[in-house]
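**Student:** Pasting in a structure now, in structure tokens, and then I'll have a few things to ask.
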Amino acid sequence: MSVKIVNLKVNGVDKAFMARPETTLLLALREQLGLMGAKRGCAQGACGSCTVLLDGAPVVSCLVPAATVDGGDVATVEGLADGRRLSDVQQAFIDGFATQCGFCTPGMIMSAEALLARNPDPTADEVNEAISGNVCRCTGYAPIVSAILDAAQRRRERAEGADQEATL
Amino acid sequence: MPRVNPIDSSFFKDERGPGDFTVIGKTVPRSDALGHVTGRTQFFEDRTFPDLAHLKIHRSPHHHALIDSVDTSEALRVPGVLRVLTHEDVPANWYGVLRLIGIGPDDEVVLAEDRVIYRGEPIVAVVADSEAAALEGASKVKVSYTVLPAVLDVEEAMSPDAPVIKKAGTNYFVYEGHHARRIRFGDVEAGFAQADHVFEWRYSSAPIEHAPTETTGCIVEPKPDGRLLIHSNTQAAFFTLDNTALIINRAPTDLQVKGGTVGGGFGGKVDVMVEPLACIAATLTNRPVKFVYTREEEMQVSSPRAAERIYIKDGVMNDGRIVARKIMLYVDAGAYARHSPYGATKAAAHLPGPYTIPNVYADCHCVYTNRTPSSAMRGFGVTIADFAIESQMDRVARALGMDPLQFRLVNAYRDGDMKAHRKEASGTALIEVIQRAAALVGHDLPAEYQAMSSSTPRGAIA
């Protein structure tokens with residue numbers, strides 16, 4: 001059984017770990033790097049609880065062989081808060097009661113972050129499409145979609161505020 | 001978030017003043033939300049150990065079969081497999097989750113002995129260094145069976161010629177010597193004889209899986225002092241503690257259950273399914289052991305809401321009064337009792353619905369079949385009974401040509417009415433709730449229905 005050393009950036013920090021052929025990115029993050037934010041709900045790529053960003057794109061990390069991500073850039077829920085300040089999506093999930101049991105929340109948030117990074121002003125349909133791979137069994141989709149739309153608005157307002165500051 | 005309807009404090013005027021609502025109507029942040037959005041909430045699986053062992057199960061592919069032989073030799077040869085566990089490794093293999101509240105008999109085995117009575121019943125546990133080795137080991141267990149006819153229908157199971165599938169000797173739970181949880185109130189046959197109309201319909205439901213995003217599981221950690229620390233996602237920490245102690249024959253003080261964070265429960269994490277075997281495995285290997293259901297196991301063997309079949313026969317007068325109601329209710333408990341005897345009792349407690357009916361007869365059966373054991377789920381016993389009762393109310397109203405809300409108001413229970421369980425109704429509010437709901441959706445009620453009140457005795461109107 002060949003073991004491979006994998007080097008990658010996780011939340012902006014250089015990391016290395018040893019991957020067996022069957023080691024998934026999810027298990028490497030959780031068991032070797034101690035990042036427990038991404039969850040294992042099905043291990044079949046069906047529930048989205050393990051969603052992280054790989055080079056900016058959302059992936060179900062339970063289906064990604066860790067040995068294939070050498071040199072990659074991974075973002076997990078643990079890297080979103082900037083010091084003590086939560087990301088707009090995280091804050092909107094709290095304010096909008098978009099959490100219940102919390103198990104789908106990290107994956108849901110990462111899908112939302114990926115959406116807002118490429119589309120700052122999504123429609124509700126686009127939000128639904130972006131989280132269509134993330135199952136929330138407590139059935140809180142309505143508050144989740146509103147929270148993501150609220151977060152998009154906060155981000156746009158913040159960007160406009162920053163533009164105004166730049167021109168002053 | 002704006003309220004659909006402002007609080008009408010007049011309902012509470014005897015208890016508190018209008019400005020006295022400190023929580024209702026206010027937004028209170030969830031105390032656990034920060035942990036959820038940052039990924040810091042610790043679920044049971046969010047911990048790891050360098051020497052963690054994994055437990056997986058070899059399960060029955062048959063609904064009903066005798067076990068002729070079990071061969072674990074190939075499983076033990078899989079690299080990484082540490083041990084196999086059979087029923088002989090379980091100190092007290094027979095248990096029943098409700099024995100803690102004095103309900104017996106202990107009808108379930110932790111691991112199968114001479115027979116399996118549902119598809120997916122656990123037979124052998126395999127403990128290994130890695131999850132992959134445990135799965136491979138479990139797949140290498142060889143069991144030979146003599147397949148028996150399966151009973152998969154509740155009424156078939158109740159028939160005298162059905163094969164008896166349980167060691168307990170009956171295909172139904174025995175309630176204080178009776179075949180069902182019964183209600184006998186008035187004379188239901190006399191009620192039918194006196195009625196202008198008699199209506200009977202059948203209602204049925206399928207089993208419903210809770211499907212939590214986090215599957216059922218635990219990690220058991222042997223501590224230096226010999227105690228076992230159980231990290232669990234159980235919804236019932238004390239059921240888990242006591243049942244596990246009894247099954248593994250250890251003092252409850254030898255165990256510590258750490259739980260409280262559940263990635264979706266809905267009643268599906270109330271049975272004690274994973275902790276006893278993980279404790280035995282941790283003791284025998286002296287290593288931390290994780291036993292977590294795969295998604296497939298969660299769907300196939302974790303106990304669903306019971307399927308129910310309900311027959312409701314009503315005797316009704318032309319003016320809409322229900323004078324007799326007979327209900328035959330069957331809860332499909334599946335192969336083992338779990339919480340279903342309690343569920344069927346709850347169903348009985350809920351009959352005949354929030355209506356005052358002078359003649360009531362009900363048999364609520366908790367029936368055993370060769371199906372996945374069912375158990376707790378959100379209002380089990382009550383939810384499906386309500387579906388049946390309220391569907392019946394709509395159908396009877398339609399058959400009589402009556403407005404369904406007026407039909408309910410005519411029969412709604414009021415303070416002082418004697419219920420079928422021989423308890424006097426008090427604190428009733430069905431009439432007011434219907435009146436308010438009708439007003440909210442613009443459903444006009446005639447003046448005499450708007451004048452009805454739960455606190456006006458029924459006789460005063462009749």
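Convention: chains lettered A, B, ... in structure tokens order; per-chain residue numbering from 1; ligands numbered from 1 as shown.
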Do a neighbour search on stretch 65-78 of chain B at 9 Å with only C-alpha atoms, toss out local chain neighbours closer than 6 positions, and write the hits as a VMD selection string.

**Tutor:** chain B and resid 84 112 to 118 123 to 124 126 133 to 134 136 to 150

**Student:** Those residues with C-alpha atoms, as a PDB file, in the first residue's frame please?

**Tutor:**
```pdb
ATOM      1  CA  VAL B  84     -15.281 -10.642  16.551  1.00  0.00           C
ATOM      2  CA  ALA B 112     -28.852 -12.807  17.359  1.00  0.00           C
ATOM      3  CA  GLU B 113     -28.677 -16.269  18.958  1.00  0.00           C
ATOM      4  CA  ASP B 114     -30.506 -19.118  17.169  1.00  0.00           C
ATOM      5  CA  ARG B 115     -32.715 -17.040  14.848  1.00  0.00           C
ATOM      6  CA  VAL B 116     -33.205 -13.717  13.118  1.00  0.00           C
ATOM      7  CA  ILE B 117     -36.633 -12.125  12.946  1.00  0.00           C
ATOM      8  CA  TYR B 118     -36.029  -9.072  10.795  1.00  0.00           C
ATOM      9  CA  ILE B 123     -25.534 -11.226  14.302  1.00  0.00           C
ATOM     10  CA  VAL B 124     -21.781 -10.631  14.614  1.00  0.00           C
ATOM     11  CA  VAL B 126     -16.299  -7.109  13.947  1.00  0.00           C
ATOM     12  CA  ALA B 133     -10.952  -3.623   7.767  1.00  0.00           C
ATOM     13  CA  ALA B 134     -14.042  -3.759   9.992  1.00  0.00           C
ATOM     14  CA  GLU B 136     -14.338  -6.227   5.123  1.00  0.00           C
ATOM     15  CA  GLY B 137     -14.323  -8.447   8.201  1.00  0.00           C
ATOM     16  CA  ALA B 138     -18.091  -8.082   8.607  1.00  0.00           C
ATOM     17  CA  SER B 139     -18.580  -9.064   4.982  1.00  0.00           C
ATOM     18  CA  LYS B 140     -16.484 -12.227   5.521  1.00  0.00           C
ATOM     19  CA  VAL B 141     -18.655 -13.641   8.325  1.00  0.00           C
ATOM     20  CA  LYS B 142     -20.418 -16.756   7.048  1.00  0.00           C
ATOM     21  CA  VAL B 143     -23.854 -17.591   8.414  1.00  0.00           C
ATOM     22  CA  SER B 144     -26.010 -20.456   7.199  1.00  0.00           C
ATOM     23  CA  TYR B 145     -29.758 -20.213   7.610  1.00  0.00           C
ATOM     24  CA  THR B 146     -32.973 -22.148   7.342  1.00  0.00           C
ATOM     25  CA  VAL B 147     -35.319 -19.527   5.944  1.00  0.00           C
ATOM     26  CA  LEU B 148     -38.792 -19.403   7.528  1.00  0.00           C
ATOM     27  CA  PRO B 149     -41.985 -17.796   6.202  1.00  0.00           C
ATOM     28  CA  ALA B 150     -42.132 -14.116   7.128  1.00  0.00           C
TER      29      ALA B 150
END
```

**Student:** Hey, what does DSSP flag as alpha helix (DSSP H) within stretch 334-380 of chain B? Can you give it to me as a ChimeraX atom specification?

**Tutor:** /B:340-350

**Student:** Please check the contacts: residues of chain A at most 7 Å away from chain B, using only C-alpha atoms, listed as a list in words.

**Tutor:** Glu31, Met36, Gly37, Gly41, Cys42, Val77, Glu78, Gln90, Ile94, Thr99, Cys101, Gly102, Phe103, Thr105, Pro106, Arg137 and Cys138 of chain A

**Student:** Where does DSSP see strand (DSSP E or B) in stretch 246-375 of chain B, if you list the residues as an MDAnalysis selection string?

**Tutor:** chainID B and resid 255:258 289:292 305 307:316 322:334 355 360:368 375

**Student:** To one decimal place in Å, what is the distance between atom CA of A:Thr23 and atom CA of A:Ser132?

**Tutor:**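 Going from atom CA of A:Thr23 over to atom CA of A:Ser132 covers 26.0 Å.
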
**Student:** Determine, counting only C-alpha atoms, which protein, DNA and RNA residues have an atom within 12 Å of an atom of A:Asp55; residues of the same chain fewer than 2 positions away are not included. Present the result as a list of chain:residue names.

**Tutor:**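 Residues meeting the cut-off are A:Leu8, A:Lys9, A:Val10, A:Asn11, A:Gly12, A:Val52, A:Leu53, A:Ala57, A:Pro58, A:Val59, A:Val69, A:Asp70, A:Gly71, A:Gly72, A:Asp73, A:Val74, A:Ala75, A:Thr76, A:Ala114.
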
**Student:** Include all heavy atoms and write out the residues we just selected as a CSV table (one decimal), in the first residue's frame.

**Tutor:**
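This went into selection-v9.csv:
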```csv
chain,number,residue,atom,x,y,z
A,8,LEU,N,-0.6,20.9,1.0
A,8,LEU,CA,-1.6,21.8,0.5
A,8,LEU,C,-1.8,23.0,1.5
A,8,LEU,O,-1.2,23.0,2.6
A,8,LEU,CB,-2.9,21.1,0.3
A,8,LEU,CG,-3.8,20.7,1.5
A,8,LEU,CD1,-5.1,20.1,1.1
A,8,LEU,CD2,-3.0,19.7,2.4
A,9,LYS,N,-2.5,24.0,1.0
A,9,LYS,CA,-2.8,25.1,1.9
A,9,LYS,C,-4.2,24.9,2.5
A,9,LYS,O,-5.2,24.5,1.7
A,9,LYS,CB,-2.9,26.4,1.1
A,9,LYS,CG,-1.6,27.3,1.2
A,9,LYS,CD,-1.9,28.7,0.7
A,9,LYS,CE,-0.7,29.5,0.4
A,9,LYS,NZ,0.5,29.1,1.0
A,10,VAL,N,-4.4,25.0,3.8
A,10,VAL,CA,-5.7,24.9,4.4
A,10,VAL,C,-6.0,26.2,5.1
A,10,VAL,O,-5.2,26.5,6.1
A,10,VAL,CB,-5.8,23.7,5.3
A,10,VAL,CG1,-7.2,23.6,6.0
A,10,VAL,CG2,-5.5,22.4,4.6
A,11,ASN,N,-7.0,26.9,4.7
A,11,ASN,CA,-7.3,28.2,5.3
A,11,ASN,C,-6.1,29.1,5.3
A,11,ASN,O,-5.9,29.8,6.3
A,11,ASN,CB,-7.9,28.0,6.7
A,11,ASN,CG,-9.2,27.1,6.7
A,11,ASN,OD1,-10.0,27.2,5.7
A,11,ASN,ND2,-9.4,26.4,7.7
A,12,GLY,N,-5.4,29.0,4.2
A,12,GLY,CA,-4.2,30.0,4.1
A,12,GLY,C,-2.9,29.5,4.7
A,12,GLY,O,-1.9,30.2,4.6
A,52,VAL,N,-16.4,21.5,1.4
A,52,VAL,CA,-15.4,22.4,1.6
A,52,VAL,C,-15.1,23.0,0.3
A,52,VAL,O,-15.6,22.6,-0.8
A,52,VAL,CB,-14.1,21.8,2.2
A,52,VAL,CG1,-14.4,21.1,3.6
A,52,VAL,CG2,-13.5,20.8,1.3
A,53,LEU,N,-14.2,24.1,0.2
A,53,LEU,CA,-13.9,24.7,-1.0
A,53,LEU,C,-12.5,24.2,-1.4
A,53,LEU,O,-11.5,24.2,-0.6
A,53,LEU,CB,-13.9,26.2,-1.0
A,53,LEU,CG,-15.2,26.9,-0.5
A,53,LEU,CD1,-15.1,28.4,-0.7
A,53,LEU,CD2,-16.4,26.3,-1.2
A,57,ALA,N,-13.8,26.2,-5.4
A,57,ALA,CA,-15.0,25.5,-5.8
A,57,ALA,C,-15.5,24.6,-4.7
A,57,ALA,O,-14.7,23.9,-4.1
A,57,ALA,CB,-14.8,24.8,-7.1
A,58,PRO,N,-16.8,24.5,-4.5
A,58,PRO,CA,-17.3,23.6,-3.4
A,58,PRO,C,-17.2,22.1,-3.9
A,58,PRO,O,-17.5,21.8,-5.1
A,58,PRO,CB,-18.8,24.0,-3.3
A,58,PRO,CG,-19.2,24.7,-4.6
A,58,PRO,CD,-17.9,25.3,-5.1
A,59,VAL,N,-16.7,21.3,-3.0
A,59,VAL,CA,-16.6,19.9,-3.3
A,59,VAL,C,-17.1,19.1,-2.1
A,59,VAL,O,-17.1,19.6,-1.0
A,59,VAL,CB,-15.1,19.4,-3.5
A,59,VAL,CG1,-14.6,20.0,-4.8
A,59,VAL,CG2,-14.2,19.7,-2.3
A,69,VAL,N,-5.2,16.0,-4.1
A,69,VAL,CA,-5.3,17.4,-3.9
A,69,VAL,C,-3.9,18.0,-3.6
A,69,VAL,O,-3.8,19.2,-3.1
A,69,VAL,CB,-6.3,17.8,-2.8
A,69,VAL,CG1,-7.7,17.2,-3.1
A,69,VAL,CG2,-5.8,17.2,-1.4
A,70,ASP,N,-2.8,17.3,-3.8
A,70,ASP,CA,-1.5,17.8,-3.6
A,70,ASP,C,-1.3,19.2,-4.3
A,70,ASP,O,-1.7,19.3,-5.5
A,70,ASP,CB,-0.5,16.8,-4.1
A,70,ASP,CG,0.9,17.2,-3.6
A,70,ASP,OD1,1.1,17.7,-2.5
A,70,ASP,OD2,1.9,17.0,-4.4
A,71,GLY,N,-0.9,20.2,-3.5
A,71,GLY,CA,-0.7,21.5,-4.1
A,71,GLY,C,-1.9,22.4,-4.1
A,71,GLY,O,-1.9,23.5,-4.6
A,72,GLY,N,-3.1,21.8,-3.7
A,72,GLY,CA,-4.3,22.5,-3.7
A,72,GLY,C,-4.5,23.6,-2.6
A,72,GLY,O,-3.6,23.7,-1.7
A,73,ASP,N,-5.6,24.3,-2.7
A,73,ASP,CA,-5.9,25.3,-1.7
A,73,ASP,C,-7.3,25.0,-1.2
A,73,ASP,O,-8.3,25.0,-1.9
A,73,ASP,CB,-5.9,26.7,-2.4
A,73,ASP,CG,-6.0,27.8,-1.4
A,73,ASP,OD1,-6.4,27.6,-0.2
A,73,ASP,OD2,-5.6,29.0,-1.8
A,74,VAL,N,-7.4,24.7,0.1
A,74,VAL,CA,-8.6,24.2,0.7
A,74,VAL,C,-9.1,25.2,1.7
A,74,VAL,O,-8.3,25.8,2.5
A,74,VAL,CB,-8.4,22.8,1.4
A,74,VAL,CG1,-9.7,22.4,2.2
A,74,VAL,CG2,-8.1,21.7,0.4
A,75,ALA,N,-10.4,25.5,1.7
A,75,ALA,CA,-11.0,26.4,2.6
A,75,ALA,C,-12.1,25.7,3.4
A,75,ALA,O,-12.9,25.0,2.7
A,75,ALA,CB,-11.6,27.7,2.0
A,76,THR,N,-12.1,25.7,4.7
A,76,THR,CA,-13.1,25.1,5.5
A,76,THR,C,-13.8,26.1,6.4
A,76,THR,O,-13.4,27.3,6.5
A,76,THR,CB,-12.5,24.0,6.5
A,76,THR,OG1,-11.8,24.7,7.5
A,76,THR,CG2,-11.6,23.1,5.7
A,114,ALA,N,-19.2,30.0,-1.6
A,114,ALA,CA,-18.7,29.8,-2.9
A,114,ALA,C,-19.7,30.5,-3.9
A,114,ALA,O,-19.2,31.2,-4.9
A,114,ALA,CB,-18.7,28.3,-3.3
```

**Student:** If you measure from atom CA of B:His443 to atom CA of B:Asp8, what distance in Å do you get, rounded to one decimal?

**Tutor:** 19.9 Å

**Student:** Would you compute the distance between atom CA of B:Pro122 and atom CA of B:Val90? Give it in Å to one decimal.

**Tutor:**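 Taking atom CA of B:Pro122 and atom CA of B:Val90, their separation equals 12.7 Å.
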
**Student:** Counting only C-alpha atoms, what is within 12 Å of A:Ala117, bar same-chain residues fewer than 6 positions away, as a list in words?

**Tutor:** Leu53, Gly56, Ala57, Pro58, Asp88, Val89, Met110, Ser111, Ala130, Ala151, Ala152, Arg155 and Arg156 of chain A

**Student:** Store the residues of this selection in a file with N, CA, C and O atoms, as an mmCIF file, in the first residue's frame.

**Tutor:**
```
data_model
loop_
_atom_site.group_PDB
_atom_site.id
_atom_site.type_symbol
_atom_site.label_atom_id
_atom_site.label_comp_id
_atom_site.auth_asym_id
_atom_site.auth_seq_id
_atom_site.Cartn_x
_atom_site.Cartn_y
_atom_site.Cartn_z
ATOM 1 N N LEU A 53 -14.233 24.094 0.234
ATOM 2 C CA LEU A 53 -13.853 24.682 -1.048
ATOM 3 C C LEU A 53 -12.472 24.174 -1.426
ATOM 4 O O LEU A 53 -11.539 24.227 -0.614
ATOM 5 N N GLY A 56 -11.344 27.184 -4.448
ATOM 6 C CA GLY A 56 -12.478 28.097 -4.587
ATOM 7 C C GLY A 56 -13.804 27.441 -4.933
ATOM 8 O O GLY A 56 -14.847 28.076 -4.823
ATOM 9 N N ALA A 57 -13.777 26.182 -5.361
ATOM 10 C CA ALA A 57 -15.022 25.533 -5.782
ATOM 11 C C ALA A 57 -15.500 24.568 -4.702
ATOM 12 O O ALA A 57 -14.696 23.872 -4.083
ATOM 13 N N PRO A 58 -16.825 24.524 -4.467
ATOM 14 C CA PRO A 58 -17.328 23.585 -3.449
ATOM 15 C C PRO A 58 -17.177 22.136 -3.915
ATOM 16 O O PRO A 58 -17.495 21.822 -5.055
ATOM 17 N N ASP A 88 -19.955 37.430 6.701
ATOM 18 C CA ASP A 88 -21.344 37.891 6.549
ATOM 19 C C ASP A 88 -22.304 36.710 6.515
ATOM 20 O O ASP A 88 -23.412 36.787 7.039
ATOM 21 N N VAL A 89 -21.877 35.627 5.884
ATOM 22 C CA VAL A 89 -22.765 34.456 5.812
ATOM 23 C C VAL A 89 -22.967 33.873 7.204
ATOM 24 O O VAL A 89 -24.099 33.586 7.622
ATOM 25 N N MET A 110 -20.399 26.799 3.482
ATOM 26 C CA MET A 110 -19.339 26.791 2.467
ATOM 27 C C MET A 110 -19.938 26.872 1.064
ATOM 28 O O MET A 110 -19.389 27.553 0.188
ATOM 29 N N SER A 111 -21.071 26.203 0.829
ATOM 30 C CA SER A 111 -21.728 26.325 -0.478
ATOM 31 C C SER A 111 -22.167 27.767 -0.715
ATOM 32 O O SER A 111 -22.058 28.285 -1.834
ATOM 33 N N ALA A 130 -27.570 26.673 -5.661
ATOM 34 C CA ALA A 130 -26.234 26.553 -5.055
ATOM 35 C C ALA A 130 -26.237 25.597 -3.855
ATOM 36 O O ALA A 130 -25.238 24.930 -3.590
ATOM 37 N N ALA A 151 -27.021 37.850 3.598
ATOM 38 C CA ALA A 151 -25.554 37.942 3.602
ATOM 39 C C ALA A 151 -25.065 38.600 2.319
ATOM 40 O O ALA A 151 -24.145 39.428 2.337
ATOM 41 N N ALA A 152 -25.701 38.250 1.191
ATOM 42 C CA ALA A 152 -25.294 38.848 -0.090
ATOM 43 C C ALA A 152 -25.479 40.356 -0.031
ATOM 44 O O ALA A 152 -24.607 41.120 -0.459
ATOM 45 N N ARG A 155 -22.833 41.979 2.095
ATOM 46 C CA ARG A 155 -21.543 42.017 1.401
ATOM 47 C C ARG A 155 -21.520 43.133 0.373
ATOM 48 O O ARG A 155 -20.519 43.843 0.241
ATOM 49 N N ARG A 156 -22.628 43.293 -0.346
ATOM 50 C CA ARG A 156 -22.672 44.363 -1.362
ATOM 51 C C ARG A 156 -22.579 45.722 -0.692
ATOM 52 O O ARG A 156 -21.853 46.599 -1.134
#
```

**Student:** Could you give me, as an NGL selection string, the residues within 7 Å of B:Ala335, counting only C-alpha atoms and dropping anything in the same chain fewer than 5 positions from it?

**Tutor:** :B and (117-118 or 368-373)

**Student:** Mind writing the picked residues with N, CA and C atoms as a PDB file, in the first residue's frame?

**Tutor:**
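Output file selection.pdb follows:
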```
ATOM      1  N   ILE B 117     -35.208 -12.354  13.222  1.00  0.00           N
ATOM      2  CA  ILE B 117     -36.633 -12.125  12.946  1.00  0.00           C
ATOM      3  C   ILE B 117     -36.867 -10.804  12.217  1.00  0.00           C
ATOM      4  N   TYR B 118     -35.817 -10.151  11.768  1.00  0.00           N
ATOM      5  CA  TYR B 118     -36.029  -9.072  10.795  1.00  0.00           C
ATOM      6  C   TYR B 118     -34.789  -8.930   9.930  1.00  0.00           C
ATOM      7  N   TYR B 368     -46.383  -7.494  16.471  1.00  0.00           N
ATOM      8  CA  TYR B 368     -45.038  -7.857  16.015  1.00  0.00           C
ATOM      9  C   TYR B 368     -45.089  -8.495  14.638  1.00  0.00           C
ATOM     10  N   THR B 369     -44.204  -8.054  13.757  1.00  0.00           N
ATOM     11  CA  THR B 369     -44.063  -8.621  12.411  1.00  0.00           C
ATOM     12  C   THR B 369     -42.575  -8.799  12.144  1.00  0.00           C
ATOM     13  N   ASN B 370     -42.235  -9.394  11.000  1.00  0.00           N
ATOM     14  CA  ASN B 370     -40.817  -9.559  10.655  1.00  0.00           C
ATOM     15  C   ASN B 370     -40.285  -8.329   9.916  1.00  0.00           C
ATOM     16  N   ARG B 371     -40.661  -7.156  10.404  1.00  0.00           N
ATOM     17  CA  ARG B 371     -40.177  -5.929   9.774  1.00  0.00           C
ATOM     18  C   ARG B 371     -39.241  -5.199  10.740  1.00  0.00           C
ATOM     19  N   THR B 372     -38.527  -4.200  10.214  1.00  0.00           N
ATOM     20  CA  THR B 372     -37.598  -3.413  11.041  1.00  0.00           C
ATOM     21  C   THR B 372     -38.329  -2.922  12.292  1.00  0.00           C
ATOM     22  N   PRO B 373     -37.772  -3.128  13.481  1.00  0.00           N
ATOM     23  CA  PRO B 373     -38.451  -2.630  14.682  1.00  0.00           C
ATOM     24  C   PRO B 373     -38.684  -1.122  14.568  1.00  0.00           C
TER      25      PRO B 373
END
```

**Student:** Leaving out A:Ile148 and any residue of its chain fewer than 5 positions from it, which residues lie within 12 Å of it when counting only C-alpha atoms, given as a PyMOL selection string?

**Tutor:** chain A and resi 87-98+108-116+119-128+130-131+141-143+153-155

**Student:** Keeping only C-alpha atoms, take the residues you just selected and write them out as a PDB file, in the first residue's frame.

**Tutor:**
```pdb
ATOM      1  CA  SER A  87     -18.158  36.294   7.852  1.00  0.00           C
ATOM      2  CA  ASP A  88     -21.344  37.891   6.549  1.00  0.00           C
ATOM      3  CA  VAL A  89     -22.765  34.456   5.812  1.00  0.00           C
ATOM      4  CA  GLN A  90     -22.006  33.180   9.322  1.00  0.00           C
ATOM      5  CA  GLN A  91     -23.533  36.290  10.924  1.00  0.00           C
ATOM      6  CA  ALA A  92     -26.610  36.085   8.691  1.00  0.00           C
ATOM      7  CA  PHE A  93     -27.119  32.415   9.661  1.00  0.00           C
ATOM      8  CA  ILE A  94     -27.133  33.411  13.347  1.00  0.00           C
ATOM      9  CA  ASP A  95     -29.359  36.472  12.883  1.00  0.00           C
ATOM     10  CA  GLY A  96     -31.795  34.673  10.587  1.00  0.00           C
ATOM     11  CA  PHE A  97     -32.200  31.519  12.716  1.00  0.00           C
ATOM     12  CA  ALA A  98     -30.833  29.457   9.827  1.00  0.00           C
ATOM     13  CA  MET A 108     -24.308  24.816   3.835  1.00  0.00           C
ATOM     14  CA  ILE A 109     -22.224  27.882   4.715  1.00  0.00           C
ATOM     15  CA  MET A 110     -19.339  26.791   2.467  1.00  0.00           C
ATOM     16  CA  SER A 111     -21.728  26.325  -0.478  1.00  0.00           C
ATOM     17  CA  ALA A 112     -23.108  29.799   0.215  1.00  0.00           C
ATOM     18  CA  GLU A 113     -19.617  31.346   0.427  1.00  0.00           C
ATOM     19  CA  ALA A 114     -18.722  29.804  -2.942  1.00  0.00           C
ATOM     20  CA  LEU A 115     -21.916  31.175  -4.488  1.00  0.00           C
ATOM     21  CA  LEU A 116     -21.398  34.717  -3.189  1.00  0.00           C
ATOM     22  CA  ASN A 119     -22.229  35.859  -7.833  1.00  0.00           C
ATOM     23  CA  PRO A 120     -22.569  38.786  -5.392  1.00  0.00           C
ATOM     24  CA  ASP A 121     -26.247  39.376  -6.182  1.00  0.00           C
ATOM     25  CA  PRO A 122     -27.965  35.981  -6.534  1.00  0.00           C
ATOM     26  CA  THR A 123     -31.690  35.421  -6.920  1.00  0.00           C
ATOM     27  CA  ALA A 124     -33.513  33.046  -4.565  1.00  0.00           C
ATOM     28  CA  ASP A 125     -33.527  30.470  -7.378  1.00  0.00           C
ATOM     29  CA  GLU A 126     -29.771  30.776  -7.719  1.00  0.00           C
ATOM     30  CA  VAL A 127     -29.383  30.302  -3.963  1.00  0.00           C
ATOM     31  CA  ASN A 128     -31.589  27.203  -4.115  1.00  0.00           C
ATOM     32  CA  ALA A 130     -26.234  26.553  -5.055  1.00  0.00           C
ATOM     33  CA  ILE A 131     -27.388  24.648  -1.943  1.00  0.00           C
ATOM     34  CA  TYR A 141     -34.468  25.749   3.973  1.00  0.00           C
ATOM     35  CA  ALA A 142     -36.586  28.910   4.008  1.00  0.00           C
ATOM     36  CA  PRO A 143     -34.514  30.656   6.722  1.00  0.00           C
ATOM     37  CA  GLN A 153     -26.869  42.217   0.628  1.00  0.00           C
ATOM     38  CA  ARG A 154     -24.533  42.897   3.570  1.00  0.00           C
ATOM     39  CA  ARG A 155     -21.543  42.017   1.401  1.00  0.00           C
TER      40      ARG A 155
END
```

**Student:** Report the closest atom pair, with its distance in Å rounded to one decimal, for each residue of stretch 69-187 of chain B that has an atom no farther than 9 Å from stretch 237-248 of chain B; count only C-alpha atoms, sort by chain and then rising residue number, and write it as JSON lines.

**Tutor:**
```
{"residue": "B:Val90", "atom": "CA", "partner": "B:Ile248", "partner_atom": "CA", "distance": 6.4}
{"residue": "B:Pro91", "atom": "CA", "partner": "B:Ile248", "partner_atom": "CA", "distance": 5.3}
{"residue": "B:Ala92", "atom": "CA", "partner": "B:Ile247", "partner_atom": "CA", "distance": 4.7}
{"residue": "B:Asn93", "atom": "CA", "partner": "B:Ile247", "partner_atom": "CA", "distance": 6.3}
{"residue": "B:Trp94", "atom": "CA", "partner": "B:Ile247", "partner_atom": "CA", "distance": 7.7}
{"residue": "B:Tyr95", "atom": "CA", "partner": "B:Ile247", "partner_atom": "CA", "distance": 7.1}
{"residue": "B:Gly96", "atom": "CA", "partner": "B:Asn243", "partner_atom": "CA", "distance": 8.3}
{"residue": "B:Val97", "atom": "CA", "partner": "B:Asn243", "partner_atom": "CA", "distance": 6.8}
{"residue": "B:Leu98", "atom": "CA", "partner": "B:Phe239", "partner_atom": "CA", "distance": 8.5}
{"residue": "B:Arg99", "atom": "CA", "partner": "B:Asn243", "partner_atom": "CA", "distance": 8.5}
{"residue": "B:Leu100", "atom": "CA", "partner": "B:Asp242", "partner_atom": "CA", "distance": 7.6}
{"residue": "B:Val110", "atom": "CA", "partner": "B:Ile247", "partner_atom": "CA", "distance": 8.3}
```
